[in-house]
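Heads up: the structure comes next, in structure tokens.
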Amino acid sequence: MKTGVAIIGAGPAGLLLGHLLRAEGIDCVVVERQSPEYVLGRIRAGVLERTTTDLLRRLGIDARLDAEGIIESGFNLADGDRRIRIDVTAHTGRHVTVYGQTEVTRDLMDAAPARGLPVIYDAGDVTLHDVDGAQPIVRYVKDGVTHTIAADFIAGCDGFHGPSRKAIPASAVREFERVYPFGWLGILADVPPCHDELIYANGERGFALASMRSRARSRYYIQVPLTDRLADWPEERLWDELALRFDPISAHGIVRGPALEMSIAPLRSYVFETMRYGRLFLAGDSAHIVPPTGAKGLNLAASDVAYLSDALIAHYARGDDALLEGYQARALARIWKAERFSWYLTKLMHRFPEDGTFEHRMQAAELDYIESSEAMQASIAENYVGLPL
């Protein structure tokens, strides 16, 4: 098979890139090692910046987003019994939309056939070859048969554990990492949320997050040591803990229900600065990971894809490679700002094992400043709603 752009990974980044390219008549194919059911089974973020929703609207993939998405004009920071509302719309004139990443992926999947976007699922043993040559190659195995795709370019949208980043030689790699000494224990349940807007809480019992996927589906997290396992947290224990942390500060209180999903996720900040090597371009989690504090993961992937699609469209439409040459620098400038904001919120709202009373006082002083400063609230709101492309 020959194509213009071989896209590795059928998560939201890969599918979004494929749609943007096909909308301009550019040949591309998406290769995914997992099944569609597995891809849709991944439970991820649910807060979309305007940058992300604008791309979906540009593609006409917004019917369910408009029908089911929840517009949020603010969010909350809390410590103890104090809750500080950050009015995002008042400070920026914009808002975020609560709409699950799974639903974004489903919409992109469903729209692919009509746009003529081929997606190859269950592609095993995906490997990349000659990525620094004139025509890179992707090989994969499906139904016991090895297939080869010859492409003009490869877009690695295959996440942190995919093969794309590994195809770049160590001599060309630049990477930066911060691993956090705790994880997030999460529960998803079909219960009404305890509050009408998201709450990040930092109390004596540690960090907790109250969020939602809809008015009838809630997503909660608490900070736990990396040594904790799911077996340590039966559902009732987790609901009891959430009630202790959110009942005093939420409008509606914790409503309990059976878990649809529970998991413990480690937290890290990671940037792989080599986002281009030859004709291989990285986008999304293959190039960067942010802690979920701040909800930047999916939105950063969308901004990468916006930059990369503009660059590829300019190449095919006008033979102009200036944006391809500048893709890495352009993407990294936004990535590092989002990394900074996620790191800042993580440091502000979590109890680190090495911290003592001084650090806790610093967190309280910072929250005091945020509560009293319109300028500080405006800065947080600007970063939360998403910096411009």
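We name chains A, B, ... following the order of the structure tokens; residues begin at 1 in each chain, and ligands are numbered from 1 as shown.
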
Item to complete: Determine, counting only C-alpha atoms, which protein, DNA and RNA residues have an atom within 8 Å of an atom of Ile7 in chain A; residues of the same chain fewer than 6 positions away are not included. Present the result as a ChimeraX atom specification.
Response: /A:14,18,28-31,154-157

Determine, using only C-alpha atoms, which residues of range 24-64 of chain A have any atom at most 10 Å from an atom of range 85-109 of chain A, and tabulate each with its shortest atom pair and distance in Å to one decimal place, rows ordered by chain and then rising number, as a Markdown table.
| residue | atom | partner | partner_atom | distance |
| --- | --- | --- | --- | --- |
| A:Pro36 | CA | A:Met109 | CA | 8.5 |
| A:Val39 | CA | A:Thr105 | CA | 8.2 |
| A:Leu40 | CA | A:Thr102 | CA | 5.7 |
| A:Gly41 | CA | A:Thr102 | CA | 7.5 |
| A:Arg42 | CA | A:Thr102 | CA | 6.9 |
| A:Ile43 | CA | A:Thr102 | CA | 6.4 |
| A:Arg44 | CA | A:Gln101 | CA | 5.7 |
| A:Ala45 | CA | A:Gln101 | CA | 5.5 |
| A:Gly46 | CA | A:Gly100 | CA | 3.9 |
| A:Val47 | CA | A:Val98 | CA | 4.6 |
| A:Leu48 | CA | A:Thr97 | CA | 5.1 |
| A:Glu49 | CA | A:Val96 | CA | 5.1 |
| A:Arg50 | CA | A:Val96 | CA | 6.3 |
| A:Thr51 | CA | A:Val96 | CA | 9.7 |
| A:Thr52 | CA | A:Thr97 | CA | 9.6 |
| A:Thr53 | CA | A:Thr97 | CA | 7.9 |
| A:Leu56 | CA | A:Val104 | CA | 8.8 |
| A:Leu59 | CA | A:Leu108 | CA | 9.7 |
| A:Ile61 | CA | A:Asp107 | CA | 6.7 |
| A:Asp62 | CA | A:Asp107 | CA | 8.2 |
| A:Ala63 | CA | A:Asp107 | CA | 9.0 |
| A:Arg64 | CA | A:Asp107 | CA | 7.8 |

Item to complete: Would you list, as a ChimeraX atom specification, the residues of range 118-251 of chain A that end up in alpha helix (DSSP H) under DSSP run on this structure's backbone?
Response: /A:163-166,235-246

Can you write out the residues you just picked, keeping N, CA, C and O atoms, as a CSV table (one decimal), in the first residue's frame?
chain,number,residue,atom,x,y,z
A,163,PRO,N,5.3,2.4,19.2
A,163,PRO,CA,6.6,2.2,18.5
A,163,PRO,C,7.2,3.5,17.9
A,163,PRO,O,8.4,3.5,17.5
A,164,SER,N,6.4,4.5,17.7
A,164,SER,CA,6.9,5.7,16.9
A,164,SER,C,8.1,6.4,17.6
A,164,SER,O,9.2,6.6,17.0
A,165,ARG,N,8.0,6.7,18.9
A,165,ARG,CA,9.1,7.3,19.6
A,165,ARG,C,10.3,6.5,19.6
A,165,ARG,O,11.5,6.9,19.5
A,166,LYS,N,10.1,5.1,19.7
A,166,LYS,CA,11.2,4.2,19.7
A,166,LYS,C,12.0,4.1,18.4
A,166,LYS,O,13.1,3.6,18.4
A,235,GLU,N,-15.0,-0.4,47.3
A,235,GLU,CA,-15.8,0.8,46.9
A,235,GLU,C,-16.3,1.5,48.1
A,235,GLU,O,-16.3,2.8,48.1
A,236,GLU,N,-16.8,0.9,49.1
A,236,GLU,CA,-17.4,1.6,50.2
A,236,GLU,C,-16.3,2.4,50.9
A,236,GLU,O,-16.6,3.6,51.4
A,237,ARG,N,-15.1,1.9,51.0
A,237,ARG,CA,-14.0,2.7,51.7
A,237,ARG,C,-13.8,4.0,50.8
A,237,ARG,O,-13.6,5.1,51.4
A,238,LEU,N,-13.8,3.9,49.5
A,238,LEU,CA,-13.5,5.0,48.7
A,238,LEU,C,-14.6,6.0,48.8
A,238,LEU,O,-14.4,7.2,48.9
A,239,TRP,N,-15.9,5.6,48.8
A,239,TRP,CA,-17.0,6.5,48.9
A,239,TRP,C,-17.0,7.2,50.3
A,239,TRP,O,-17.3,8.4,50.3
A,240,ASP,N,-16.6,6.5,51.3
A,240,ASP,CA,-16.5,7.1,52.6
A,240,ASP,C,-15.5,8.2,52.6
A,240,ASP,O,-15.7,9.3,53.2
A,241,GLU,N,-14.3,7.9,52.0
A,241,GLU,CA,-13.3,8.9,51.9
A,241,GLU,C,-13.7,10.1,51.1
A,241,GLU,O,-13.4,11.3,51.5
A,242,LEU,N,-14.4,9.9,50.0
A,242,LEU,CA,-14.9,11.0,49.2
A,242,LEU,C,-15.9,11.9,49.9
A,242,LEU,O,-15.8,13.1,49.8
A,243,ALA,N,-16.7,11.2,50.7
A,243,ALA,CA,-17.7,12.0,51.5
A,243,ALA,C,-17.0,12.9,52.5
A,243,ALA,O,-17.4,14.0,52.7
A,244,LEU,N,-15.9,12.4,53.1
A,244,LEU,CA,-15.2,13.2,54.1
A,244,LEU,C,-14.6,14.4,53.5
A,244,LEU,O,-14.5,15.5,54.1
A,245,ARG,N,-14.1,14.2,52.2
A,245,ARG,CA,-13.4,15.3,51.6
A,245,ARG,C,-14.3,16.3,50.9
A,245,ARG,O,-14.0,17.5,50.8
A,246,PHE,N,-15.5,15.9,50.4
A,246,PHE,CA,-16.3,16.8,49.6
A,246,PHE,C,-17.6,17.2,50.2
A,246,PHE,O,-18.2,18.2,49.8

Item to complete: Check the DSSP output for the backbone and give back, as a ChimeraX atom specification, the residues of range 202-347 of chain A in strand (DSSP E).
Response: /A:202-203,206-214,217-224,259-272,276-277,280-282,288-289

Would you save the residues of that selection, restricted to C-alpha atoms, as a tab-separated table (two decimals), in the first residue's frame?
chain	number	residue	atom	x	y	z
A	202	ASN	CA	-6.22	19.97	49.01
A	203	GLY	CA	-7.06	19.14	52.61
A	206	GLY	CA	-4.76	14.87	50.83
A	207	PHE	CA	-5.75	15.78	47.31
A	208	ALA	CA	-9.13	14.93	45.79
A	209	LEU	CA	-10.88	15.84	42.53
A	210	ALA	CA	-14.61	15.94	41.87
A	211	SER	CA	-15.49	16.01	38.18
A	212	MET	CA	-18.21	14.75	35.87
A	213	ARG	CA	-18.82	13.19	32.50
A	214	SER	CA	-22.47	14.23	32.42
A	217	ARG	CA	-22.15	10.36	35.55
A	218	SER	CA	-19.41	11.38	37.98
A	219	ARG	CA	-15.64	10.90	38.01
A	220	TYR	CA	-13.80	11.18	41.33
A	221	TYR	CA	-10.13	10.84	42.25
A	222	ILE	CA	-8.09	10.84	45.43
A	223	GLN	CA	-4.33	10.96	45.94
A	224	VAL	CA	-2.90	7.64	47.15
A	259	ALA	CA	-18.44	1.62	40.13
A	260	LEU	CA	-18.35	1.42	36.35
A	261	GLU	CA	-14.56	1.56	36.55
A	262	MET	CA	-11.87	1.91	39.20
A	263	SER	CA	-8.16	2.33	38.59
A	264	ILE	CA	-4.95	3.77	40.03
A	265	ALA	CA	-2.92	5.94	37.65
A	266	PRO	CA	0.66	7.11	38.33
A	267	LEU	CA	1.47	10.75	37.62
A	268	ARG	CA	4.36	12.09	35.59
A	269	SER	CA	5.43	15.13	33.61
A	270	TYR	CA	7.31	14.12	30.47
A	271	VAL	CA	8.47	15.90	27.31
A	272	PHE	CA	10.20	14.23	24.38
A	276	ARG	CA	10.51	15.45	14.32
A	277	TYR	CA	13.09	13.04	12.96
A	280	LEU	CA	8.52	11.07	11.25
A	281	PHE	CA	6.51	13.55	13.32
A	282	LEU	CA	5.25	12.88	16.85
A	288	HIS	CA	4.49	14.42	26.09
A	289	ILE	CA	2.64	13.42	29.24

Fill in: Distance query His19 in chain A at most 8 Å, only C-alpha atoms, self and fewer than 2 positions along chain excluded, as a PyMOL selection string
chain A and resi 15-17+21-23+59+108+112+115+117

Could those residues be written to a file, using all heavy atoms, as a PDB file, in the first residue's frame?
ATOM      1  N   LEU A  15      -6.974   9.929  14.968  1.00  0.00           N
ATOM      2  CA  LEU A  15      -8.212  10.058  14.204  1.00  0.00           C
ATOM      3  C   LEU A  15      -8.478  11.504  13.815  1.00  0.00           C
ATOM      4  O   LEU A  15      -8.911  11.789  12.687  1.00  0.00           O
ATOM      5  CB  LEU A  15      -9.382   9.505  15.018  1.00  0.00           C
ATOM      6  CG  LEU A  15      -9.390   7.991  15.224  1.00  0.00           C
ATOM      7  CD1 LEU A  15     -10.483   7.595  16.209  1.00  0.00           C
ATOM      8  CD2 LEU A  15      -9.588   7.262  13.896  1.00  0.00           C
ATOM      9  N   LEU A  16      -8.222  12.440  14.724  1.00  0.00           N
ATOM     10  CA  LEU A  16      -8.429  13.844  14.423  1.00  0.00           C
ATOM     11  C   LEU A  16      -7.518  14.299  13.285  1.00  0.00           C
ATOM     12  O   LEU A  16      -7.949  14.994  12.352  1.00  0.00           O
ATOM     13  CB  LEU A  16      -8.185  14.686  15.672  1.00  0.00           C
ATOM     14  CG  LEU A  16      -8.477  16.187  15.587  1.00  0.00           C
ATOM     15  CD1 LEU A  16      -9.916  16.452  15.182  1.00  0.00           C
ATOM     16  CD2 LEU A  16      -8.160  16.861  16.919  1.00  0.00           C
ATOM     17  N   LEU A  17      -6.255  13.893  13.331  1.00  0.00           N
ATOM     18  CA  LEU A  17      -5.328  14.235  12.251  1.00  0.00           C
ATOM     19  C   LEU A  17      -5.812  13.649  10.930  1.00  0.00           C
ATOM     20  O   LEU A  17      -5.802  14.332   9.887  1.00  0.00           O
ATOM     21  CB  LEU A  17      -3.931  13.735  12.585  1.00  0.00           C
ATOM     22  CG  LEU A  17      -2.868  13.964  11.513  1.00  0.00           C
ATOM     23  CD1 LEU A  17      -2.686  15.455  11.214  1.00  0.00           C
ATOM     24  CD2 LEU A  17      -1.531  13.338  11.921  1.00  0.00           C
ATOM     25  N   LEU A  21      -6.761  15.842   7.526  1.00  0.00           N
ATOM     26  CA  LEU A  21      -6.081  15.631   6.244  1.00  0.00           C
ATOM     27  C   LEU A  21      -7.064  15.198   5.160  1.00  0.00           C
ATOM     28  O   LEU A  21      -7.024  15.709   4.030  1.00  0.00           O
ATOM     29  CB  LEU A  21      -4.975  14.588   6.409  1.00  0.00           C
ATOM     30  CG  LEU A  21      -3.834  14.958   7.356  1.00  0.00           C
ATOM     31  CD1 LEU A  21      -2.813  13.828   7.433  1.00  0.00           C
ATOM     32  CD2 LEU A  21      -3.153  16.259   6.924  1.00  0.00           C
ATOM     33  N   ARG A  22      -7.960  14.279   5.460  1.00  0.00           N
ATOM     34  CA  ARG A  22      -8.917  13.832   4.457  1.00  0.00           C
ATOM     35  C   ARG A  22      -9.866  14.951   4.046  1.00  0.00           C
ATOM     36  O   ARG A  22     -10.305  15.009   2.892  1.00  0.00           O
ATOM     37  CB  ARG A  22      -9.732  12.644   5.003  1.00  0.00           C
ATOM     38  CG  ARG A  22      -8.971  11.340   5.092  1.00  0.00           C
ATOM     39  CD  ARG A  22      -8.473  10.857   3.722  1.00  0.00           C
ATOM     40  NE  ARG A  22      -9.572  10.713   2.780  1.00  0.00           N
ATOM     41  CZ  ARG A  22      -9.537  11.144   1.527  1.00  0.00           C
ATOM     42  NH1 ARG A  22      -8.464  11.767   1.052  1.00  0.00           N
ATOM     43  NH2 ARG A  22     -10.584  10.971   0.746  1.00  0.00           N
ATOM     44  N   ALA A  23     -10.178  15.853   4.983  1.00  0.00           N
ATOM     45  CA  ALA A  23     -11.040  16.994   4.638  1.00  0.00           C
ATOM     46  C   ALA A  23     -10.417  17.864   3.566  1.00  0.00           C
ATOM     47  O   ALA A  23     -11.119  18.583   2.838  1.00  0.00           O
ATOM     48  CB  ALA A  23     -11.333  17.825   5.889  1.00  0.00           C
ATOM     49  N   LEU A  59     -14.736  20.228  11.453  1.00  0.00           N
ATOM     50  CA  LEU A  59     -14.934  18.974  10.725  1.00  0.00           C
ATOM     51  C   LEU A  59     -16.397  18.559  10.660  1.00  0.00           C
ATOM     52  O   LEU A  59     -16.735  17.559  10.013  1.00  0.00           O
ATOM     53  CB  LEU A  59     -14.127  17.860  11.406  1.00  0.00           C
ATOM     54  CG  LEU A  59     -12.610  17.990  11.310  1.00  0.00           C
ATOM     55  CD1 LEU A  59     -11.935  17.049  12.314  1.00  0.00           C
ATOM     56  CD2 LEU A  59     -12.130  17.701   9.891  1.00  0.00           C
ATOM     57  N   LEU A 108     -15.293  10.462  16.310  1.00  0.00           N
ATOM     58  CA  LEU A 108     -14.307  10.433  15.231  1.00  0.00           C
ATOM     59  C   LEU A 108     -14.322   9.092  14.510  1.00  0.00           C
ATOM     60  O   LEU A 108     -14.205   9.033  13.273  1.00  0.00           O
ATOM     61  CB  LEU A 108     -12.914  10.721  15.795  1.00  0.00           C
ATOM     62  CG  LEU A 108     -12.670  12.142  16.319  1.00  0.00           C
ATOM     63  CD1 LEU A 108     -11.397  12.196  17.154  1.00  0.00           C
ATOM     64  CD2 LEU A 108     -12.593  13.147  15.163  1.00  0.00           C
ATOM     65  N   ALA A 112     -15.512   8.381  10.371  1.00  0.00           N
ATOM     66  CA  ALA A 112     -14.404   8.034   9.475  1.00  0.00           C
ATOM     67  C   ALA A 112     -14.852   7.460   8.131  1.00  0.00           C
ATOM     68  O   ALA A 112     -14.336   7.873   7.079  1.00  0.00           O
ATOM     69  CB  ALA A 112     -13.445   7.079  10.185  1.00  0.00           C
ATOM     70  N   ARG A 115     -15.979  10.068   5.573  1.00  0.00           N
ATOM     71  CA  ARG A 115     -14.921  10.946   5.095  1.00  0.00           C
ATOM     72  C   ARG A 115     -13.887  10.177   4.278  1.00  0.00           C
ATOM     73  O   ARG A 115     -12.945  10.776   3.759  1.00  0.00           O
ATOM     74  CB  ARG A 115     -14.264  11.662   6.285  1.00  0.00           C
ATOM     75  CG  ARG A 115     -13.229  12.686   5.874  1.00  0.00           C
ATOM     76  CD  ARG A 115     -13.001  13.743   6.942  1.00  0.00           C
ATOM     77  NE  ARG A 115     -13.915  14.850   6.821  1.00  0.00           N
ATOM     78  CZ  ARG A 115     -14.712  15.307   7.792  1.00  0.00           C
ATOM     79  NH1 ARG A 115     -14.710  14.721   8.972  1.00  0.00           N
ATOM     80  NH2 ARG A 115     -15.517  16.317   7.579  1.00  0.00           N
ATOM     81  N   LEU A 117     -11.809   7.872   5.461  1.00  0.00           N
ATOM     82  CA  LEU A 117     -10.606   7.711   6.267  1.00  0.00           C
ATOM     83  C   LEU A 117     -10.449   6.240   6.634  1.00  0.00           C
ATOM     84  O   LEU A 117     -11.198   5.723   7.470  1.00  0.00           O
ATOM     85  CB  LEU A 117     -10.697   8.565   7.537  1.00  0.00           C
ATOM     86  CG  LEU A 117      -9.571   8.383   8.565  1.00  0.00           C
ATOM     87  CD1 LEU A 117      -8.214   8.759   7.970  1.00  0.00           C
ATOM     88  CD2 LEU A 117      -9.851   9.207   9.827  1.00  0.00           C
TER      89      LEU A 117
END

Worksheet entry | Non-local contacts of range 128-143 of chain A (8 Å; only C-alpha atoms; under 2 positions in same chain excluded) as number ranges by chain | A: 6, 122-126, 145-154, 163-164, 167, 277-280

Item to complete: Find the residues around Leu332 in chain A up to 10 Å (only C-alpha atoms counted), leave out those fewer than 3 positions away in its own chain, and share them as a ChimeraX atom specification.
Response: /A:271-275,287-288,304,327-329,335-338

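Restricting the calculation to only C-alpha atoms, the smallest distance between Tyr38 in chain A and any of A:Ala10, A:Leu348, A:Ile168, A:Ala333 is found for A:Ala10.
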
Practice prompt. List the neighbours of range 320-326 of chain A out to 6 Å using only C-alpha atoms; skip same-chain residues closer than 5 positions along the sequence, and give me the result as a ChimeraX atom specification.
Written response: /A:311,314-315

I need the residues from that last selection saved to file as a PDB file, in the first residue's frame (with C-alpha atoms), if you can.
ATOM      1  CA  ALA A 311       1.975  21.908   8.034  1.00  0.00           C
ATOM      2  CA  ALA A 314       0.687  23.477   3.245  1.00  0.00           C
ATOM      3  CA  HIS A 315       3.124  20.853   1.907  1.00  0.00           C
TER       4      HIS A 315
END
